[in-house]
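Dropping structure.txt in here (compact mmCIF, C-alpha atoms):
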# COMPACT_ATOMS: atom_id res chain seq x y z
CA MET A 44 0.00 0.00 0.00
CA SER A 45 1.34 3.47 -0.88
CA SER A 46 2.14 6.00 1.84
CA PHE A 47 0.49 8.87 -0.06
CA GLN A 48 -2.54 9.56 -2.16
CA ASN A 49 -2.62 11.72 -5.26
CA PRO A 50 -5.29 14.45 -5.41
CA PRO A 51 -8.47 13.75 -7.42
CA LEU A 52 -7.85 14.14 -11.16
CA ILE A 53 -10.34 14.56 -13.99
CA LEU A 54 -9.71 14.57 -17.73
CA GLY A 55 -12.19 17.00 -19.27
CA SER A 56 -12.38 15.39 -22.69
CA THR A 57 -14.37 13.06 -24.92
CA SER A 58 -11.21 12.03 -26.83
CA LYS A 59 -10.26 8.37 -26.59
CA TYR A 60 -6.75 9.36 -27.70
CA ARG A 61 -6.26 11.70 -24.74
CA ARG A 62 -7.65 9.10 -22.34
CA GLU A 63 -5.23 6.47 -23.66
CA LEU A 64 -2.29 8.88 -23.37
CA LEU A 65 -3.15 9.87 -19.79
CA GLU A 66 -3.37 6.19 -18.85
CA ARG A 67 0.36 5.94 -19.60
CA LEU A 68 1.08 7.92 -16.41
CA ARG A 69 -0.61 5.21 -14.30
CA ILE A 70 -2.40 7.57 -11.96
CA PRO A 71 -6.12 7.30 -11.18
CA PHE A 72 -8.39 9.72 -13.04
CA GLU A 73 -11.97 10.13 -14.15
CA VAL A 74 -13.21 11.28 -17.55
CA ILE A 75 -15.95 13.92 -17.78
CA SER A 76 -17.26 15.44 -21.01
CA PRO A 77 -16.76 19.24 -20.91
CA ASN A 78 -19.57 20.05 -23.40
CA VAL A 79 -17.92 23.20 -24.83
CA ASP A 80 -18.78 25.06 -28.04
CA GLU A 81 -15.64 24.81 -30.19
CA THR A 82 -16.64 27.40 -32.79
CA PRO A 83 -13.74 29.78 -33.53
CA LEU A 84 -14.24 33.47 -32.80
CA THR A 85 -14.01 35.96 -35.64
CA GLY A 86 -10.36 36.79 -36.32
CA GLU A 87 -9.11 34.34 -33.68
CA SER A 88 -5.68 32.85 -34.35
CA THR A 89 -5.18 29.10 -34.20
CA LEU A 90 -2.98 29.52 -31.11
CA ASP A 91 -5.57 31.64 -29.29
CA LEU A 92 -8.31 29.20 -30.28
CA ALA A 93 -6.43 26.21 -28.88
CA LEU A 94 -5.60 28.04 -25.63
CA ARG A 95 -9.16 29.33 -25.17
CA LEU A 96 -10.75 25.94 -25.75
CA ALA A 97 -8.33 24.12 -23.42
CA GLN A 98 -9.18 26.63 -20.68
CA ALA A 99 -12.91 26.45 -21.43
CA LYS A 100 -12.94 22.66 -21.25
CA ALA A 101 -11.08 22.66 -17.93
CA ALA A 102 -13.31 25.40 -16.52
CA ALA A 103 -16.54 23.65 -17.55
CA VAL A 104 -15.60 20.58 -15.53
CA ALA A 105 -13.79 22.37 -12.67
CA LYS A 106 -16.98 24.32 -11.94
CA GLN A 107 -18.74 21.04 -11.15
CA TYR A 108 -15.81 19.48 -9.24
CA PRO A 109 -14.05 22.27 -7.30
CA ASP A 110 -11.85 19.91 -5.25
CA ALA A 111 -10.37 18.09 -8.23
CA TRP A 112 -7.59 18.99 -10.60
CA VAL A 113 -9.00 19.10 -14.12
CA ILE A 114 -7.11 18.66 -17.38
CA GLY A 115 -8.43 20.50 -20.41
CA SER A 116 -6.75 20.15 -23.80
CA ASP A 117 -7.39 21.15 -27.37
CA GLN A 118 -5.56 20.88 -30.65
CA VAL A 119 -5.83 23.07 -33.73
CA ALA A 120 -4.03 22.29 -36.97
CA ASP A 121 -2.71 25.43 -38.69
CA LEU A 122 -1.88 25.67 -42.39
CA CYS A 123 -0.68 29.16 -43.35
CA GLY A 124 -2.73 30.69 -40.51
CA ALA A 125 -5.96 28.84 -41.32
CA ALA A 126 -7.42 26.26 -38.95
CA ILE A 127 -7.88 22.73 -40.26
CA GLY A 128 -10.54 20.85 -38.31
CA LYS A 129 -11.65 17.23 -38.05
CA PRO A 130 -12.81 16.16 -41.52
CA GLY A 131 -15.69 13.90 -40.50
CA ASN A 132 -15.79 11.99 -43.81
CA PHE A 133 -13.69 10.68 -46.69
CA GLU A 134 -14.29 13.57 -49.10
CA ARG A 135 -13.28 16.29 -46.65
CA ALA A 136 -10.30 14.23 -45.43
CA LEU A 137 -9.02 13.80 -48.98
CA ALA A 138 -9.40 17.54 -49.61
CA GLN A 139 -7.39 18.25 -46.44
CA LEU A 140 -4.57 15.88 -47.40
CA GLN A 141 -4.45 17.32 -50.92
CA LEU A 142 -4.16 20.80 -49.44
CA MET A 143 -1.43 19.78 -47.02
CA ARG A 144 0.83 17.69 -49.27
CA GLY A 145 4.29 19.19 -49.49
CA GLN A 146 3.33 21.72 -46.82
CA VAL A 147 4.33 22.37 -43.20
CA VAL A 148 1.36 22.20 -40.83
CA THR A 149 1.68 23.43 -37.25
CA PHE A 150 -0.40 21.53 -34.73
CA GLN A 151 -1.08 23.78 -31.72
CA THR A 152 -1.79 21.54 -28.73
CA ALA A 153 -2.93 23.52 -25.70
CA LEU A 154 -3.06 22.15 -22.19
CA CYS A 155 -4.73 23.60 -19.09
CA LEU A 156 -4.52 22.23 -15.55
CA MET A 157 -7.09 23.85 -13.25
CA ARG A 158 -8.47 23.61 -9.73
CA GLY A 159 -10.74 26.36 -8.50
CA ASP A 160 -9.07 29.70 -9.23
CA THR A 161 -5.68 28.07 -9.83
CA GLN A 162 -4.75 27.31 -13.42
CA THR A 163 -1.75 26.90 -15.68
CA THR A 164 -2.10 26.90 -19.46
CA VAL A 165 0.60 26.10 -22.01
CA CYS A 166 0.69 25.38 -25.72
CA ILE A 167 3.07 22.96 -27.42
CA PRO A 168 3.53 23.48 -31.18
CA THR A 169 4.42 20.57 -33.43
CA GLU A 170 5.63 21.23 -36.97
CA VAL A 171 4.66 18.46 -39.38
CA THR A 172 5.89 18.33 -42.98
CA PHE A 173 3.65 16.28 -45.27
CA ARG A 174 5.14 14.32 -48.18
CA LYS A 175 4.13 15.11 -51.75
CA LEU A 176 2.07 12.02 -52.48
CA PRO A 177 -0.35 11.29 -55.34
CA ASP A 178 -4.10 11.07 -54.81
CA ASN A 179 -4.22 7.27 -55.08
CA VAL A 180 -1.84 6.96 -52.10
CA LEU A 181 -3.87 9.45 -50.04
CA GLU A 182 -7.10 7.64 -50.92
CA ALA A 183 -5.63 4.24 -50.00
CA TYR A 184 -4.51 5.61 -46.64
CA LEU A 185 -7.92 7.09 -45.83
CA LEU A 186 -9.78 3.91 -46.76
CA THR A 187 -7.38 1.86 -44.62
CA GLU A 188 -7.26 3.93 -41.41
CA GLU A 189 -10.38 6.14 -41.67
CA PRO A 190 -8.91 9.00 -39.57
CA TYR A 191 -12.02 11.15 -39.90
CA ASP A 192 -12.03 12.17 -36.22
CA CYS A 193 -8.48 13.60 -36.38
CA ALA A 194 -7.58 17.19 -37.23
CA GLY A 195 -5.37 17.00 -40.29
CA SER A 196 -6.73 13.60 -41.40
CA ALA A 197 -3.63 11.56 -40.47
CA LYS A 198 -2.85 9.51 -37.37
CA SER A 199 0.88 9.86 -36.74
CA GLU A 200 0.72 7.02 -34.20
CA GLY A 201 -0.63 4.71 -36.92
CA LEU A 202 -0.32 4.33 -40.68
CA GLY A 203 -0.55 8.11 -41.08
CA ILE A 204 3.16 8.29 -40.26
CA SER A 205 3.76 7.14 -43.85
CA LEU A 206 2.33 10.44 -45.13
CA LEU A 207 4.81 12.52 -43.16
CA GLU A 208 8.29 13.71 -44.05
CA SER A 209 9.22 15.07 -40.62
CA ILE A 210 7.87 15.93 -37.17
CA LYS A 211 9.45 18.62 -35.00
CA SER A 212 8.29 18.96 -31.39
CA ASP A 213 9.61 19.22 -27.84
CA ASP A 214 6.84 16.90 -26.65
CA PRO A 215 6.26 13.81 -28.85
CA THR A 216 2.74 12.98 -27.63
CA ALA A 217 1.49 16.51 -28.27
CA LEU A 218 0.72 15.59 -31.87
CA ILE A 219 -1.53 12.73 -30.71
CA GLY A 220 -3.46 15.18 -28.53
CA LEU A 221 -1.95 15.42 -25.04
CA PRO A 222 1.61 16.66 -24.35
CA LEU A 223 2.69 14.29 -21.58
CA ILE A 224 6.08 15.90 -20.90
CA ALA A 225 4.41 19.23 -20.16
CA LEU A 226 1.53 17.58 -18.30
CA THR A 227 3.82 15.54 -16.06
CA GLY A 228 5.57 18.74 -14.99
CA LEU A 229 2.28 20.51 -14.24
CA LEU A 230 0.95 17.56 -12.27
CA ARG A 231 4.11 17.29 -10.16
CA ASP A 232 3.89 21.03 -9.42
CA ALA A 233 0.30 20.41 -8.28
CA GLY A 234 1.38 17.71 -5.81
CA PHE A 235 1.06 14.52 -7.83
CA VAL A 236 3.68 11.81 -7.40
CA ILE A 237 4.69 10.35 -10.78
CA PRO A 238 5.52 7.50 -10.97
CA SER A 239 3.41 6.57 -7.97
CA LYS A 240 4.27 3.56 -5.80
CA ASN A 241 1.90 0.62 -5.97

Take the structure I supplied and represent it as structure tokens, if you would.
Amino acid sequence: MSSFQNPPLILGSTSKYRRELLERLRIPFEVISPNVDETPLTGESTLDLALRLAQAKAAAVAKQYPDAWVIGSDQVADLCGAAIGKPGNFERALAQLQLMRGQVVTFQTALCLMRGDTQTTVCIPTEVTFRKLPDNVLEAYLLTEEPYDCAGSAKSEGLGISLLESIKSDDPTALIGLPLIALTGLLRDAGFVIPSKN
């Protein structure tokens, strides 16, 4: 039995990818849907959008659970200043990949850790260069992996890695949706013991 207990922790997210990433830290947590409107504001930059939504998601859950630490996170893909969202279907995904081939896309992954009036918010950028690939290769990828719930239409942790030329980031899991290097630091600052003793 451990000689300490970590504070209550909630992941404010509906993303299975974020849940799976947080499970890597092997600390107990709950998952609560934040139910936040993700519509961009007029003139809002992709960085500001990601930061605002990460904070909004954390705040929506923290309001209901004031004694818990709440993680909010959001990711916005940026191509030449324009946000690229989740495609939702094959046609939109193919259009995204056609637009991004040979281009550098910056994935802004924002992270907010909040309890009551205490919060810390950071954003980890990841620069992804897409290969110049013909349509038949892009179509074959989409039909194989069906990444229609991913901003940018490619899962770097899966077959989507074959579409990429390079990835530049200080936090390798940021591209998947939750920057664990940054999060581990924030959690330790908040009193969590990682790794925790069993």

Could you build a table of the residues in region 100-120 of chain A lying no more than 7 Å from region 143-163 of chain A, giving for each the nearest pair of atoms and their separation in Å rounded to one decimal place, using all atoms listed in the file, ordered by chain and ascending residue number, as a Markdown table?
| residue | atom | partner | partner_atom | distance |
| --- | --- | --- | --- | --- |
| A:Ala101 | CA | A:Met157 | CA | 6.3 |
| A:Ala105 | CA | A:Arg158 | CA | 6.2 |
| A:Pro109 | CA | A:Gly159 | CA | 5.4 |
| A:Asp110 | CA | A:Arg158 | CA | 6.7 |
| A:Ala111 | CA | A:Arg158 | CA | 6.0 |
| A:Trp112 | CA | A:Arg158 | CA | 4.8 |
| A:Val113 | CA | A:Met157 | CA | 5.2 |
| A:Ile114 | CA | A:Leu156 | CA | 4.8 |
| A:Gly115 | CA | A:Cys155 | CA | 5.0 |
| A:Ser116 | CA | A:Leu154 | CA | 4.5 |
| A:Asp117 | CA | A:Ala153 | CA | 5.3 |
| A:Gln118 | CA | A:Thr152 | CA | 4.3 |
| A:Val119 | CA | A:Gln151 | CA | 5.2 |
| A:Ala120 | CA | A:Phe150 | CA | 4.3 |

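You will find CA of Asp121 (chain A) at 27.5 Å from CA of Val74 (chain A).
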
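We find CA of Glu188 (chain A) and CA of Ile204 (chain A) to be spaced 11.4 Å apart.
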
Quiz item: If you count only C-alpha atoms, which residues fall within 9 Å of region 169-186 of chain A, apart from same-chain ones fewer than 4 positions away, as a PyMOL selection string?
Solution: chain A and resi 133+136-137+140-141+143-152+190-191+196-197+202-203+205-215+217-218

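Between CA of Ser58 (chain A) and CA of Ala138 (chain A) lies a distance of 23.5 Å.
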
Quiz item: Counting only C-alpha atoms, which of A:Gln107, A:Thr187, A:Gln98, A:Asn132 gets nearest to Ile75 (chain A)?
Solution: A:Gln107

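Among A:Leu52, A:Leu68, A:Leu84, A:Leu230, the residue with the shortest atom-to-atom distance to Ala126 (chain A), counting all atoms listed in the file, is A:Leu84.
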
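Using all atoms listed in the file, the shortest contact distance between Leu54 (chain A) and any of A:Ile224, A:Ile237, A:Ala102, A:Ile219 is found at A:Ala102.
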
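When all atoms listed in the file are used to measure the gap to Leu122 (chain A), the shortest distance among A:Ile53, A:Ala194, A:Ala233, A:Ile70 belongs to A:Ala194.
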
Put a box with edges along x, y and z around all the listed atoms of region 210-221 of chain A, pad it by 4 Å on each side, then give me its centre and sizes in Å, one decimal, as AutoDock Vina command-line options.
--center_x 3.1 --center_y 16.0 --center_z -31.1 --size_x 21.1 --size_y 14.5 --size_z 20.1

Quiz item: Pick from A:Arg61, A:Glu189, A:Val79, A:Asn49: nearest to Glu134 (chain A), with only C-alpha atoms counted?
Solution: A:Glu189
